[in-house]
>>> print(open('work-v9.cif').read())   # mmCIF, C-alpha atoms and all ligand atoms
data_coords
#
loop_
_atom_site.label_atom_id
_atom_site.label_comp_id
_atom_site.auth_asym_id
_atom_site.auth_seq_id
_atom_site.Cartn_x
_atom_site.Cartn_y
_atom_site.Cartn_z
CA MET A 95 14.65 -50.11 35.41
CA SER A 96 18.15 -49.55 36.72
CA GLN A 97 19.65 -51.43 39.65
CA SER A 98 19.86 -48.18 41.59
CA ASP A 99 16.09 -47.66 41.20
CA LEU A 100 15.40 -51.14 42.52
CA HIS A 101 17.80 -50.58 45.37
CA ARG A 102 15.94 -47.41 46.28
CA SER A 103 12.83 -49.43 47.11
CA ALA A 104 14.67 -50.77 50.12
CA VAL A 105 15.79 -47.35 51.36
CA ALA A 106 13.51 -45.89 54.01
CA THR A 107 14.32 -42.18 53.60
CA PRO A 108 13.35 -40.64 50.28
CA ARG A 109 16.13 -39.01 48.30
CA HIS A 110 13.73 -36.58 46.69
CA ILE A 111 10.49 -35.24 48.20
CA ALA A 112 8.03 -33.03 46.31
CA ILE A 113 5.18 -31.16 48.01
CA ILE A 114 1.99 -29.50 46.80
CA MET A 115 1.57 -26.94 49.58
CA ASP A 116 -2.20 -26.60 49.72
CA GLY A 117 -4.55 -25.07 52.28
CA ASN A 118 -3.07 -21.63 52.99
CA GLY A 119 -6.23 -19.79 51.97
CA ARG A 120 -8.55 -22.03 54.00
CA TRP A 121 -6.25 -21.79 57.02
CA ALA A 122 -6.53 -17.99 56.94
CA GLU A 123 -10.25 -17.91 56.15
CA SER A 124 -11.02 -20.28 59.04
CA GLN A 125 -9.55 -17.63 61.34
CA GLY A 126 -11.35 -14.78 59.66
CA LYS A 127 -8.09 -13.47 58.18
CA PRO A 128 -7.27 -12.44 54.60
CA ARG A 129 -5.94 -15.29 52.44
CA VAL A 130 -2.53 -13.70 52.06
CA LEU A 131 -1.90 -14.20 55.78
CA GLY A 132 -2.22 -17.92 55.08
CA HIS A 133 0.53 -17.68 52.46
CA ARG A 134 2.71 -15.76 54.92
CA ALA A 135 2.12 -18.44 57.57
CA GLY A 136 3.01 -21.01 54.90
CA VAL A 137 6.52 -19.59 54.67
CA LYS A 138 7.13 -20.77 58.25
CA SER A 139 6.20 -24.32 57.19
CA VAL A 140 8.57 -24.03 54.21
CA ARG A 141 11.40 -23.12 56.58
CA GLU A 142 10.54 -25.98 58.93
CA VAL A 143 10.29 -28.61 56.20
CA VAL A 144 13.57 -27.49 54.62
CA ALA A 145 15.27 -27.92 58.03
CA LEU A 146 13.67 -31.37 58.52
CA CYS A 147 14.82 -32.48 55.08
CA ARG A 148 18.36 -31.29 55.81
CA GLU A 149 18.37 -33.23 59.11
CA ARG A 150 17.14 -36.35 57.30
CA LYS A 151 19.73 -35.93 54.55
CA VAL A 152 17.08 -35.70 51.86
CA GLU A 153 18.93 -34.67 48.69
CA SER A 154 16.18 -32.69 46.96
CA LEU A 155 12.99 -30.97 48.06
CA THR A 156 10.66 -29.59 45.39
CA LEU A 157 7.87 -27.23 46.42
CA PHE A 158 4.94 -26.12 44.26
CA ALA A 159 4.75 -22.39 45.03
CA PHE A 160 2.83 -21.07 42.01
CA SER A 161 1.30 -23.05 39.20
CA SER A 162 0.82 -21.83 35.65
CA GLU A 163 -2.92 -21.86 36.47
CA ASN A 164 -2.57 -19.71 39.61
CA TRP A 165 -2.63 -16.54 37.45
CA ARG A 166 -6.41 -17.09 37.38
CA ARG A 167 -6.67 -16.11 41.06
CA PRO A 168 -7.96 -12.65 42.04
CA GLU A 169 -5.46 -10.03 40.82
CA ARG A 170 -4.85 -8.73 44.34
CA GLU A 171 -3.92 -12.21 45.64
CA VAL A 172 -1.52 -12.76 42.71
CA GLN A 173 0.11 -9.36 43.35
CA LEU A 174 0.57 -10.12 47.04
CA LEU A 175 1.98 -13.58 46.27
CA MET A 176 4.55 -12.04 43.89
CA LYS A 177 5.52 -9.55 46.59
CA LEU A 178 5.84 -12.40 49.10
CA PHE A 179 8.07 -14.43 46.74
CA THR A 180 10.34 -11.42 46.20
CA THR A 181 10.65 -10.80 49.96
CA VAL A 182 11.16 -14.48 50.83
CA LEU A 183 13.88 -14.90 48.20
CA ARG A 184 15.74 -11.87 49.55
CA ARG A 185 15.27 -12.72 53.22
CA GLU A 186 15.90 -16.50 53.22
CA VAL A 187 18.97 -16.71 51.01
CA ARG A 188 21.41 -16.22 53.87
CA LEU A 189 19.85 -19.07 55.89
CA LEU A 190 19.85 -21.37 52.87
CA LYS A 191 23.52 -20.61 52.23
CA LYS A 192 24.44 -21.19 55.86
CA ASN A 193 22.80 -24.62 55.67
CA GLY A 194 24.38 -25.59 52.36
CA VAL A 195 21.09 -25.50 50.46
CA ARG A 196 21.19 -24.69 46.74
CA LEU A 197 18.11 -22.91 45.44
CA LYS A 198 16.75 -23.67 42.01
CA ILE A 199 13.61 -22.24 40.47
CA ILE A 200 11.79 -24.42 37.95
CA GLY A 201 9.11 -23.03 35.66
CA ASP A 202 8.69 -20.32 33.07
CA ILE A 203 10.19 -17.39 34.94
CA SER A 204 9.87 -15.16 31.87
CA GLY A 205 6.23 -14.73 33.02
CA PHE A 206 7.33 -12.77 36.09
CA GLU A 207 8.11 -9.07 36.44
CA PRO A 208 11.75 -8.17 35.71
CA LYS A 209 12.40 -7.35 39.39
CA LEU A 210 11.32 -10.83 40.52
CA GLN A 211 13.27 -12.48 37.67
CA GLU A 212 16.37 -10.59 38.81
CA ARG A 213 15.80 -11.63 42.43
CA ILE A 214 15.49 -15.29 41.31
CA ARG A 215 18.74 -15.16 39.34
CA LEU A 216 20.52 -13.52 42.27
CA ALA A 217 19.26 -16.04 44.85
CA GLU A 218 20.28 -18.94 42.57
CA ALA A 219 23.72 -17.44 42.02
CA GLN A 220 24.24 -16.78 45.73
CA THR A 221 23.57 -20.43 46.62
CA ALA A 222 25.13 -21.99 43.51
CA GLU A 223 28.06 -23.48 45.42
CA CYS A 224 25.93 -25.08 48.16
CA GLY A 225 26.17 -28.86 48.04
CA GLN A 226 24.19 -30.35 50.95
CA MET A 227 20.70 -30.25 49.45
CA VAL A 228 18.72 -28.71 46.58
CA LEU A 229 15.54 -26.73 47.20
CA ASN A 230 13.57 -26.52 43.97
CA ILE A 231 10.79 -23.96 43.94
CA ALA A 232 8.26 -24.54 41.17
CA ALA A 233 7.02 -21.12 40.10
CA ASN A 234 4.86 -20.48 37.04
CA TYR A 235 5.34 -24.20 36.60
CA GLY A 236 3.07 -26.79 35.02
CA GLY A 237 3.86 -30.44 34.30
CA ARG A 238 2.42 -30.14 30.80
CA TRP A 239 4.48 -26.99 30.15
CA ASP A 240 7.58 -28.92 31.24
CA MET A 241 6.92 -31.73 28.74
CA VAL A 242 5.96 -29.38 25.91
CA ASP A 243 9.15 -27.40 26.55
CA ALA A 244 11.20 -30.62 26.35
CA ALA A 245 9.45 -31.58 23.09
CA ARG A 246 10.16 -28.14 21.64
CA GLN A 247 13.85 -28.37 22.50
CA MET A 248 14.11 -31.81 20.91
CA ALA A 249 12.25 -30.66 17.79
CA THR A 250 14.70 -27.76 17.46
CA LEU A 251 17.65 -30.15 17.69
CA ALA A 252 16.03 -32.45 15.12
CA LEU A 253 15.50 -29.54 12.71
CA GLN A 254 19.14 -28.58 13.16
CA GLY A 255 20.11 -32.16 12.28
CA GLU A 256 21.65 -32.74 15.73
CA ILE A 257 19.34 -35.69 16.49
CA THR A 258 17.05 -37.94 14.46
CA PRO A 259 13.42 -38.62 15.52
CA GLU A 260 14.45 -42.26 16.13
CA GLN A 261 16.85 -41.11 18.84
CA ILE A 262 14.00 -39.64 20.87
CA ASP A 263 13.37 -41.96 23.78
CA GLU A 264 12.54 -41.65 27.49
CA ALA A 265 16.16 -41.06 28.48
CA LEU A 266 16.56 -38.22 25.97
CA MET A 267 13.23 -36.62 26.86
CA ASP A 268 14.18 -36.82 30.52
CA ARG A 269 17.31 -34.76 29.84
CA PHE A 270 15.18 -31.87 28.62
CA THR A 271 12.66 -31.87 31.47
CA CYS A 272 13.16 -30.04 34.78
CA LEU A 273 15.03 -31.83 37.60
CA SER A 274 16.85 -34.27 35.31
CA ASP A 275 20.02 -33.41 37.24
CA GLN A 276 18.53 -34.80 40.46
CA ALA A 277 17.28 -38.11 41.91
CA GLU A 278 13.82 -39.20 40.82
CA VAL A 279 10.93 -37.99 42.98
CA ASP A 280 10.42 -40.74 45.56
CA LEU A 281 7.62 -39.19 47.58
CA LEU A 282 4.99 -36.68 46.48
CA ILE A 283 3.00 -35.12 49.31
CA ARG A 284 -0.10 -32.97 48.96
CA THR A 285 -1.41 -31.16 52.01
CA GLY A 286 -4.85 -29.59 52.52
CA GLY A 287 -7.09 -32.63 52.01
CA GLU A 288 -7.45 -32.66 48.21
CA GLN A 289 -6.27 -35.74 46.33
CA ARG A 290 -5.05 -34.51 42.93
CA ILE A 291 -1.75 -33.89 41.15
CA SER A 292 -2.88 -30.50 39.73
CA ASN A 293 -0.41 -30.50 36.82
CA PHE A 294 2.63 -30.76 39.13
CA LEU A 295 5.55 -33.05 38.21
CA LEU A 296 3.70 -35.19 35.64
CA TRP A 297 6.84 -36.65 34.07
CA GLN A 298 8.97 -36.85 37.20
CA ALA A 299 6.33 -38.42 39.47
CA ALA A 300 5.79 -41.49 37.27
CA TYR A 301 6.98 -43.82 40.05
CA SER A 302 6.56 -41.58 43.09
CA GLU A 303 4.73 -42.75 46.16
CA LEU A 304 1.79 -40.42 46.80
CA PHE A 305 0.84 -39.19 50.26
CA PHE A 306 -2.22 -37.02 50.88
CA SER A 307 -2.40 -35.17 54.19
CA ASP A 308 -5.50 -33.44 55.56
CA THR A 309 -3.28 -30.95 57.38
CA LEU A 310 -3.43 -27.44 55.94
CA TRP A 311 0.02 -26.26 54.81
CA PRO A 312 0.54 -23.61 57.54
CA ASP A 313 -0.04 -26.37 60.15
CA PHE A 314 2.27 -28.82 58.40
CA GLY A 315 5.21 -29.35 60.78
CA GLU A 316 7.34 -32.13 62.17
CA ALA A 317 4.46 -34.46 63.20
CA ALA A 318 2.78 -34.36 59.78
CA PHE A 319 6.15 -34.69 58.01
CA GLU A 320 7.04 -37.75 60.10
CA GLU A 321 3.67 -39.29 59.26
CA ALA A 322 4.44 -38.92 55.55
CA LEU A 323 7.91 -40.45 55.98
CA GLU A 324 6.49 -43.37 57.95
CA ALA A 325 3.92 -44.02 55.24
CA PHE A 326 6.70 -43.93 52.63
CA ALA A 327 8.84 -46.38 54.62
CA SER A 328 5.94 -48.82 54.82
CA ARG A 329 5.31 -48.87 51.07
CA GLN A 330 6.68 -51.56 48.81
CA ARG A 331 7.98 -49.94 45.65
CA ARG A 332 7.68 -52.36 42.77
CA PHE A 333 8.42 -50.29 39.64
CA GLY A 334 6.28 -52.65 37.56
CA GLN A 335 7.65 -55.86 39.05
CA THR A 336 5.76 -58.29 41.29
CA GLY A 337 5.97 -58.14 45.07
CA ALA A 338 7.83 -61.47 45.15
CA GLN A 339 10.47 -60.15 42.76
CA VAL A 340 11.14 -57.08 44.88
CA THR A 341 11.29 -58.91 48.22
CA PRO A 342 12.03 -62.56 47.43
CA ARG A 343 11.00 -64.97 50.20
C1 LIG B 1 -1.78 -23.02 48.02
O1 LIG B 1 -2.75 -22.72 49.02
C2 LIG B 1 -0.57 -22.20 48.18
C3 LIG B 1 -0.03 -21.36 47.24
C4 LIG B 1 -0.64 -21.19 45.92
C5 LIG B 1 1.14 -20.52 47.53
C6 LIG B 1 2.21 -21.18 48.34
C7 LIG B 1 3.27 -20.19 48.65
C8 LIG B 1 3.94 -20.11 49.83
C9 LIG B 1 3.71 -21.00 50.99
C10 LIG B 1 5.01 -19.09 49.96
C11 LIG B 1 6.34 -19.79 49.83
C12 LIG B 1 7.27 -18.99 49.06
C13 LIG B 1 8.44 -19.47 48.56
C14 LIG B 1 9.30 -18.59 47.72
C15 LIG B 1 8.86 -20.85 48.81
P1 LIG B 1 -4.18 -22.21 48.57
O2 LIG B 1 -4.17 -20.71 48.51
O3 LIG B 1 -4.58 -22.88 47.30
O4 LIG B 1 -5.08 -22.69 49.74
P2 LIG B 1 -6.63 -23.06 49.68
O5 LIG B 1 -6.74 -24.35 48.92
O6 LIG B 1 -6.98 -23.22 51.11
O7 LIG B 1 -7.34 -21.93 49.02
#
>>> encode(input="work-v9.cif", output="structure tokens")
Amino acid sequence: MSQSDLHRSAVATPRHIAIIMDGNGRWAESQGKPRVLGHRAGVKSVREVVALCRERKVESLTLFAFSSENWRRPEREVQLLMKLFTTVLRREVRLLKKNGVRLKIIGDISGFEPKLQERIRLAEAQTAECGQMVLNIAANYGGRWDMVDAARQMATLALQGEITPEQIDEALMDRFTCLSDQAEVDLLIRTGGEQRISNFLLWQAAYSELFFSDTLWPDFGEAAFEEALEAFASRQRRFGQTGAQVTPR
């Protein structure tokens, strides 16, 4: 446990927030609309939460847009989601750039169509110089995939004689997982009423505070975001220590 991690427990605003954006489909269905309209409405919440994070000087925001398991959805919904991602990436890049937000996609993008892969690379390149905040979009991402990928990279290095198995420790593994270039995830929010991690940032969320909101993602705006931040500020982060050690009397 580094001193900076301990110090973070006393800081009220999270440096890194991750969100499982759940409830788009139910939001649409409750209004008798097709599910894809829920995803479209969810883009508005993405825009709003990015702006709120910028205002609050949050350094990193990581959003779960498409899990490695989401391919199991009806083919039509997957197709429409891919179309939506392509459009959003093209349309939002200018706004991100204007606000100093660097876009980074985490996940196995080789699973996407070449056109979407190209759009991802372009959007990342266009915002590469932005230094105010990082917006990580997890797409075709799974926490287990992330860890297996790290293990594979380390095994390759070991076979090449670059490292020995004894050198493999948490710090080295961390270097090969996604988001190792950013602050640890302080707060993990899931909207939509379910209370699960769903194979999101399994490695990175080891010490995250968890916040479950009943609000469906398209309705998630400033009030719900503030509620999550207030809950975070009220938590005592102990990182394995006792309460008395963290806040001595
Ligand atoms: C989960 O709701 C939501 C998704 C799987 C997709 C989220 C995508 C967006 C909001 C578009 C954002 C795009 C970018 C590029 C950031 P659900 O369908 O599982 O809802 P349900 O639980 O009500 O069925």
>>> residues_around(input="work-v9.cif", residues="segment 117-121 of chain A", least_positions_apart="3", cutoff="10 Å", atoms="all atoms listed in the file", output="list of chain:residue names")
A:Ile114, A:Ser124, A:Gln125, A:Gly126, A:Lys127, A:Pro128, A:Arg129, A:Val130, A:Leu131, A:Gly132, A:His133, A:Arg134, A:Ala135, A:Gly136, A:Val137, A:Arg284, A:Thr285, A:Gly286, A:Gly287, A:Glu288, A:Asp308, A:Thr309, A:Leu310, A:Trp311, A:Pro312, A:Asp313, A:Phe314
>>> closest_residue(input="work-v9.cif", among="A:Arg329, A:Arg170, A:Arg148, A:Arg184", to="ligand LIG 1 (chain B)", atoms="only C-alpha atoms and all ligand atoms")
A:Arg184
>>> atom_distance(input="work-v9.cif", atom1="atom CA of Glu171 of chain A", atom2="atom CA of Val187 of chain A")
23.9 Å
>>> closest_residue(input="work-v9.cif", among="A:Glu303, A:Glu316, A:Asp275, A:Asp240", to="Pro108 of chain A", atoms="only C-alpha atoms")
A:Glu303
>>> axis_aligned_box(input="work-v9.cif", around="ligand LIG 1 (chain B)", padding_each_side="5 Å", output="JSON")
{"center_x": 1.0, "center_y": -21.5, "center_z": 48.5, "size_x": 26.6, "size_y": 15.8, "size_z": 15.2}
>>> residues_around(input="work-v9.cif", residues="Glu163 of chain A", least_positions_apart="6", cutoff="12 Å", atoms="all atoms listed in the file", output="list in words")
Val172, Ala233, Asn234, Tyr235, Gly236, Gly237, Arg238, Trp239, Ser292, Asn293 and Phe294 of chain A
>>> atom_distance(input="work-v9.cif", atom1="atom CA of Val144 of chain A", atom2="atom CA of Ile199 of chain A")
15.1 Å
>>> atom_distance(input="work-v9.cif", atom1="atom CA of Tyr301 of chain A", atom2="atom CA of Phe333 of chain A")
6.6 Å
>>> closest_residue(input="work-v9.cif", among="A:Asn193, A:Val143, A:Gln247, A:Phe206", to="Phe160 of chain A", atoms="only C-alpha atoms")
A:Phe206
>>> closest_residue(input="work-v9.cif", among="A:Glu186, A:Asp243, A:Glu169, A:Glu149", to="ligand LIG 1 (chain B)", atoms="all atoms listed in the file")
A:Glu186
>>> closest_residue(input="work-v9.cif", among="A:Gln254, A:Ser161, A:Thr107, A:Gln339", to="ligand LIG 1 (chain B)", atoms="only C-alpha atoms and all ligand atoms")
A:Ser161
>>> residues_around(input="work-v9.cif", residues="Ala219 of chain A", least_positions_apart="3", cutoff="12 Å", atoms="only C-alpha atoms", output="PDB file with C-alpha atoms, in the coordinates of the input")
ATOM      1  CA  LEU A 183      13.880 -14.900  48.200  1.00  0.00           C
ATOM      2  CA  VAL A 187      18.970 -16.710  51.010  1.00  0.00           C
ATOM      3  CA  LYS A 191      23.520 -20.610  52.230  1.00  0.00           C
ATOM      4  CA  VAL A 195      21.090 -25.500  50.460  1.00  0.00           C
ATOM      5  CA  ARG A 196      21.190 -24.690  46.740  1.00  0.00           C
ATOM      6  CA  LEU A 197      18.110 -22.910  45.440  1.00  0.00           C
ATOM      7  CA  LYS A 198      16.750 -23.670  42.010  1.00  0.00           C
ATOM      8  CA  ILE A 199      13.610 -22.240  40.470  1.00  0.00           C
ATOM      9  CA  GLU A 212      16.370 -10.590  38.810  1.00  0.00           C
ATOM     10  CA  ARG A 213      15.800 -11.630  42.430  1.00  0.00           C
ATOM     11  CA  ILE A 214      15.490 -15.290  41.310  1.00  0.00           C
ATOM     12  CA  ARG A 215      18.740 -15.160  39.340  1.00  0.00           C
ATOM     13  CA  LEU A 216      20.520 -13.520  42.270  1.00  0.00           C
ATOM     14  CA  ALA A 222      25.130 -21.990  43.510  1.00  0.00           C
ATOM     15  CA  GLU A 223      28.060 -23.480  45.420  1.00  0.00           C
ATOM     16  CA  CYS A 224      25.930 -25.080  48.160  1.00  0.00           C
TER      17      CYS A 224
END
>>> residues_near_point(input="work-v9.cif", point="(11.5, -34.9, 27.3)", cutoff="6 Å", atoms="only C-alpha atoms", output="list of chain:residue names")
A:Met241, A:Ala244, A:Ala245, A:Met267, A:Asp268, A:Phe270, A:Thr271
>>> write_last_selection(input="work-v9.cif", atoms="C-alpha atoms", output="mmCIF file, in the frame of the given file")
data_model
loop_
_atom_site.group_PDB
_atom_site.id
_atom_site.type_symbol
_atom_site.label_atom_id
_atom_site.label_comp_id
_atom_site.auth_asym_id
_atom_site.auth_seq_id
_atom_site.Cartn_x
_atom_site.Cartn_y
_atom_site.Cartn_z
ATOM 1 C CA MET A 241 6.920 -31.730 28.740
ATOM 2 C CA ALA A 244 11.200 -30.620 26.350
ATOM 3 C CA ALA A 245 9.450 -31.580 23.090
ATOM 4 C CA MET A 267 13.230 -36.620 26.860
ATOM 5 C CA ASP A 268 14.180 -36.820 30.520
ATOM 6 C CA PHE A 270 15.180 -31.870 28.620
ATOM 7 C CA THR A 271 12.660 -31.870 31.470
#
>>> closest_residue(input="work-v9.cif", among="A:Gln276, A:Thr250, A:Thr336, A:Gln289", to="ligand LIG 1 (chain B)", atoms="all atoms listed in the file")
A:Gln289
